[in-house]
Amino acid sequence: MDAEAAKLIGAGLACSALIGAGIGIGNIFGSFLQGALRNPAAADKERGFVYIGFALAEATGLFGLLIALLLLFR
């Protein structure tokens, strides 16, 4: 296998972290919306935890994208 081909395959596999980030973000906000509709009084207290969960899930995707870009352009 050519080194260039291996680099492109590795970058594609590193982008699979974006799939997990998308699923995680959808799960976080879907669960929050379900909980907020069941108990609107508690929604304001949980909003900070939702933003922390969003940031952590998004950071995972961004790290995968960073690795892919490093593999492609290095």
# chains A, B, ... in the order shown; residues from 1 in each chain; ligands from 1
call {"tool": "residues_around", "arguments": {"residues": "Gly10 in chain A", "least_positions_apart": "2", "cutoff": "12 Å", "atoms": "only C-alpha atoms", "output": "ChimeraX atom specification"}}
result
/A:3-8,12-16,64-65,67-72
call {"tool": "residues_around", "arguments": {"residues": "Ile28 in chain A", "least_positions_apart": "4", "cutoff": "12 Å", "atoms": "only C-alpha atoms", "output": "PDB file with N, CA and C atoms, in the first residue's frame"}}
result
ATOM      1  N   ALA A  21     -19.753  12.391  17.633  1.00  0.00           N
ATOM      2  CA  ALA A  21     -20.081  13.700  18.194  1.00  0.00           C
ATOM      3  C   ALA A  21     -21.499  14.115  17.809  1.00  0.00           C
ATOM      4  N   GLY A  22     -21.876  13.866  16.573  1.00  0.00           N
ATOM      5  CA  GLY A  22     -23.226  14.203  16.136  1.00  0.00           C
ATOM      6  C   GLY A  22     -24.284  13.402  16.873  1.00  0.00           C
ATOM      7  N   ILE A  23     -24.034  12.125  17.060  1.00  0.00           N
ATOM      8  CA  ILE A  23     -24.973  11.282  17.808  1.00  0.00           C
ATOM      9  C   ILE A  23     -25.047  11.743  19.261  1.00  0.00           C
ATOM     10  N   GLY A  24     -23.903  12.054  19.851  1.00  0.00           N
ATOM     11  CA  GLY A  24     -23.881  12.494  21.245  1.00  0.00           C
ATOM     12  C   GLY A  24     -24.605  13.812  21.462  1.00  0.00           C
ATOM     13  N   PHE A  32     -32.549  16.426  27.020  1.00  0.00           N
ATOM     14  CA  PHE A  32     -32.875  17.657  27.744  1.00  0.00           C
ATOM     15  C   PHE A  32     -34.268  18.145  27.388  1.00  0.00           C
ATOM     16  N   LEU A  33     -34.608  18.088  26.110  1.00  0.00           N
ATOM     17  CA  LEU A  33     -35.930  18.537  25.684  1.00  0.00           C
ATOM     18  C   LEU A  33     -37.023  17.660  26.281  1.00  0.00           C
ATOM     19  N   GLN A  34     -36.781  16.361  26.324  1.00  0.00           N
ATOM     20  CA  GLN A  34     -37.752  15.462  26.945  1.00  0.00           C
ATOM     21  C   GLN A  34     -37.940  15.796  28.425  1.00  0.00           C
ATOM     22  N   GLY A  35     -36.838  15.995  29.120  1.00  0.00           N
ATOM     23  CA  GLY A  35     -36.923  16.316  30.538  1.00  0.00           C
ATOM     24  C   GLY A  35     -37.545  17.675  30.793  1.00  0.00           C
ATOM     25  N   GLU A  46     -30.937  22.591  34.887  1.00  0.00           N
ATOM     26  CA  GLU A  46     -30.197  21.602  34.109  1.00  0.00           C
ATOM     27  C   GLU A  46     -29.507  22.190  32.880  1.00  0.00           C
ATOM     28  N   ARG A  47     -29.797  23.410  32.555  1.00  0.00           N
ATOM     29  CA  ARG A  47     -29.271  24.012  31.329  1.00  0.00           C
ATOM     30  C   ARG A  47     -27.740  24.070  31.317  1.00  0.00           C
ATOM     31  N   PHE A  49     -25.645  21.978  32.731  1.00  0.00           N
ATOM     32  CA  PHE A  49     -25.122  20.641  32.469  1.00  0.00           C
ATOM     33  C   PHE A  49     -25.254  20.275  30.994  1.00  0.00           C
ATOM     34  N   VAL A  50     -26.304  20.769  30.366  1.00  0.00           N
ATOM     35  CA  VAL A  50     -26.486  20.512  28.933  1.00  0.00           C
ATOM     36  C   VAL A  50     -25.369  21.175  28.142  1.00  0.00           C
ATOM     37  N   TYR A  51     -25.028  22.398  28.488  1.00  0.00           N
ATOM     38  CA  TYR A  51     -23.964  23.093  27.766  1.00  0.00           C
ATOM     39  C   TYR A  51     -22.603  22.433  27.992  1.00  0.00           C
ATOM     40  N   ILE A  52     -22.361  21.927  29.185  1.00  0.00           N
ATOM     41  CA  ILE A  52     -21.104  21.214  29.447  1.00  0.00           C
ATOM     42  C   ILE A  52     -21.048  19.930  28.634  1.00  0.00           C
ATOM     43  N   GLY A  53     -22.153  19.193  28.601  1.00  0.00           N
ATOM     44  CA  GLY A  53     -22.202  17.973  27.797  1.00  0.00           C
ATOM     45  C   GLY A  53     -22.020  18.256  26.322  1.00  0.00           C
ATOM     46  N   PHE A  54     -22.641  19.341  25.845  1.00  0.00           N
ATOM     47  CA  PHE A  54     -22.475  19.731  24.438  1.00  0.00           C
ATOM     48  C   PHE A  54     -21.020  20.047  24.145  1.00  0.00           C
ATOM     49  N   ALA A  55     -20.382  20.788  25.025  1.00  0.00           N
ATOM     50  CA  ALA A  55     -18.981  21.178  24.797  1.00  0.00           C
ATOM     51  C   ALA A  55     -18.068  19.955  24.776  1.00  0.00           C
ATOM     52  N   LEU A  56     -18.304  19.003  25.659  1.00  0.00           N
ATOM     53  CA  LEU A  56     -17.461  17.811  25.679  1.00  0.00           C
ATOM     54  C   LEU A  56     -17.680  16.947  24.441  1.00  0.00           C
ATOM     55  N   ALA A  57     -18.922  16.804  24.014  1.00  0.00           N
ATOM     56  CA  ALA A  57     -19.196  16.013  22.811  1.00  0.00           C
ATOM     57  C   ALA A  57     -18.625  16.700  21.570  1.00  0.00           C
ATOM     58  N   GLU A  58     -18.734  18.001  21.498  1.00  0.00           N
ATOM     59  CA  GLU A  58     -18.210  18.732  20.354  1.00  0.00           C
ATOM     60  C   GLU A  58     -16.684  18.711  20.348  1.00  0.00           C
TER      61      GLU A  58
END
call {"tool": "atom_distance", "arguments": {"atom1": "CA of Ala17 in chain A", "atom2": "CA of Gly61 in chain A"}}
result
5.2 Å
call {"tool": "atom_distance", "arguments": {"atom1": "CA of Leu66 in chain A", "atom2": "CA of Gly20 in chain A"}}
result
15.0 Å
call {"tool": "atom_distance", "arguments": {"atom1": "CA of Leu18 in chain A", "atom2": "CA of Ala43 in chain A"}}
result
27.7 Å
call {"tool": "closest_residue", "arguments": {"among": "A:Ala36, A:Met1, A:Ala41, A:Ile25", "to": "Ala59 in chain A", "atoms": "only C-alpha atoms"}}
result
A:Ile25
call {"tool": "decode", "arguments": {"residues": "range 27-73 of chain A", "atoms": "N, CA and C atoms", "output": "short mmCIF file (atom, residue, chain, number, x, y, z; two decimals), in the first residue's frame"}}
result
data_model
loop_
_atom_site.label_atom_id
_atom_site.label_comp_id
_atom_site.auth_asym_id
_atom_site.auth_seq_id
_atom_site.Cartn_x
_atom_site.Cartn_y
_atom_site.Cartn_z
N ASN A 27 -28.31 13.25 21.19
CA ASN A 27 -28.78 12.56 22.38
C ASN A 27 -28.88 13.51 23.57
N ILE A 28 -27.91 14.38 23.74
CA ILE A 28 -27.90 15.33 24.85
C ILE A 28 -29.09 16.27 24.77
N PHE A 29 -29.28 16.89 23.60
CA PHE A 29 -30.35 17.87 23.48
C PHE A 29 -31.73 17.21 23.42
N GLY A 30 -31.80 16.01 22.86
CA GLY A 30 -33.07 15.29 22.86
C GLY A 30 -33.51 14.91 24.26
N SER A 31 -32.57 14.45 25.06
CA SER A 31 -32.90 14.10 26.45
C SER A 31 -33.25 15.33 27.26
N PHE A 32 -32.55 16.43 27.02
CA PHE A 32 -32.87 17.66 27.74
C PHE A 32 -34.27 18.14 27.39
N LEU A 33 -34.61 18.09 26.11
CA LEU A 33 -35.93 18.54 25.68
C LEU A 33 -37.02 17.66 26.28
N GLN A 34 -36.78 16.36 26.32
CA GLN A 34 -37.75 15.46 26.95
C GLN A 34 -37.94 15.80 28.43
N GLY A 35 -36.84 15.99 29.12
CA GLY A 35 -36.92 16.32 30.54
C GLY A 35 -37.54 17.67 30.79
N ALA A 36 -37.23 18.64 29.93
CA ALA A 36 -37.79 19.99 30.11
C ALA A 36 -39.29 20.00 29.85
N LEU A 37 -39.76 19.19 28.92
CA LEU A 37 -41.19 19.13 28.66
C LEU A 37 -41.94 18.40 29.77
N ARG A 38 -41.27 17.47 30.44
CA ARG A 38 -41.92 16.77 31.56
C ARG A 38 -41.95 17.61 32.83
N ASN A 39 -40.86 18.37 33.04
CA ASN A 39 -40.77 19.18 34.25
C ASN A 39 -40.15 20.53 33.89
N PRO A 40 -40.96 21.49 33.46
CA PRO A 40 -40.41 22.79 33.02
C PRO A 40 -39.73 23.57 34.15
N ALA A 41 -40.12 23.33 35.39
CA ALA A 41 -39.52 24.07 36.50
C ALA A 41 -38.06 23.71 36.70
N ALA A 42 -37.67 22.49 36.36
CA ALA A 42 -36.29 22.05 36.57
C ALA A 42 -35.40 22.33 35.35
N ALA A 43 -35.96 22.84 34.27
CA ALA A 43 -35.18 23.02 33.05
C ALA A 43 -34.06 24.05 33.23
N ASP A 44 -34.32 25.11 33.97
CA ASP A 44 -33.29 26.14 34.14
C ASP A 44 -32.09 25.63 34.93
N LYS A 45 -32.33 24.73 35.89
CA LYS A 45 -31.23 24.19 36.68
C LYS A 45 -30.36 23.24 35.87
N GLU A 46 -30.94 22.59 34.89
CA GLU A 46 -30.20 21.60 34.11
C GLU A 46 -29.51 22.19 32.88
N ARG A 47 -29.80 23.41 32.55
CA ARG A 47 -29.27 24.01 31.33
C ARG A 47 -27.74 24.07 31.32
N GLY A 48 -27.12 24.35 32.45
CA GLY A 48 -25.66 24.40 32.51
C GLY A 48 -25.03 23.05 32.22
N PHE A 49 -25.64 21.98 32.73
CA PHE A 49 -25.12 20.64 32.47
C PHE A 49 -25.25 20.27 30.99
N VAL A 50 -26.30 20.77 30.37
CA VAL A 50 -26.49 20.51 28.93
C VAL A 50 -25.37 21.17 28.14
N TYR A 51 -25.03 22.40 28.49
CA TYR A 51 -23.96 23.09 27.77
C TYR A 51 -22.60 22.43 27.99
N ILE A 52 -22.36 21.93 29.19
CA ILE A 52 -21.10 21.21 29.45
C ILE A 52 -21.05 19.93 28.63
N GLY A 53 -22.15 19.19 28.60
CA GLY A 53 -22.20 17.97 27.80
C GLY A 53 -22.02 18.26 26.32
N PHE A 54 -22.64 19.34 25.84
CA PHE A 54 -22.47 19.73 24.44
C PHE A 54 -21.02 20.05 24.15
N ALA A 55 -20.38 20.79 25.03
CA ALA A 55 -18.98 21.18 24.80
C ALA A 55 -18.07 19.95 24.78
N LEU A 56 -18.30 19.00 25.66
CA LEU A 56 -17.46 17.81 25.68
C LEU A 56 -17.68 16.95 24.44
N ALA A 57 -18.92 16.80 24.01
CA ALA A 57 -19.20 16.01 22.81
C ALA A 57 -18.62 16.70 21.57
N GLU A 58 -18.73 18.00 21.50
CA GLU A 58 -18.21 18.73 20.35
C GLU A 58 -16.68 18.71 20.35
N ALA A 59 -16.07 18.76 21.52
CA ALA A 59 -14.60 18.71 21.59
C ALA A 59 -14.08 17.39 21.06
N THR A 60 -14.79 16.30 21.32
CA THR A 60 -14.38 15.00 20.80
C THR A 60 -14.37 15.02 19.27
N GLY A 61 -15.40 15.58 18.68
CA GLY A 61 -15.45 15.67 17.23
C GLY A 61 -14.36 16.57 16.67
N LEU A 62 -14.11 17.68 17.35
CA LEU A 62 -13.07 18.60 16.88
C LEU A 62 -11.67 17.99 16.99
N PHE A 63 -11.44 17.18 18.02
CA PHE A 63 -10.15 16.50 18.14
C PHE A 63 -9.97 15.51 16.99
N GLY A 64 -11.03 14.79 16.63
CA GLY A 64 -10.95 13.87 15.50
C GLY A 64 -10.68 14.60 14.20
N LEU A 65 -11.34 15.73 14.01
CA LEU A 65 -11.11 16.53 12.81
C LEU A 65 -9.68 17.08 12.78
N LEU A 66 -9.17 17.48 13.91
CA LEU A 66 -7.80 17.98 13.99
C LEU A 66 -6.80 16.90 13.61
N ILE A 67 -7.02 15.69 14.11
CA ILE A 67 -6.13 14.57 13.77
C ILE A 67 -6.19 14.30 12.26
N ALA A 68 -7.40 14.34 11.70
CA ALA A 68 -7.55 14.11 10.25
C ALA A 68 -6.79 15.17 9.45
N LEU A 69 -6.91 16.42 9.86
CA LEU A 69 -6.21 17.49 9.15
C LEU A 69 -4.70 17.37 9.30
N LEU A 70 -4.24 16.95 10.48
CA LEU A 70 -2.81 16.75 10.67
C LEU A 70 -2.30 15.61 9.79
N LEU A 71 -3.10 14.57 9.63
CA LEU A 71 -2.68 13.47 8.77
C LEU A 71 -2.64 13.89 7.31
N LEU A 72 -3.58 14.73 6.91
CA LEU A 72 -3.64 15.12 5.50
C LEU A 72 -2.55 16.09 5.10
N PHE A 73 -2.30 17.06 5.94
CA PHE A 73 -1.41 18.16 5.55
C PHE A 73 -0.05 18.13 6.23
#
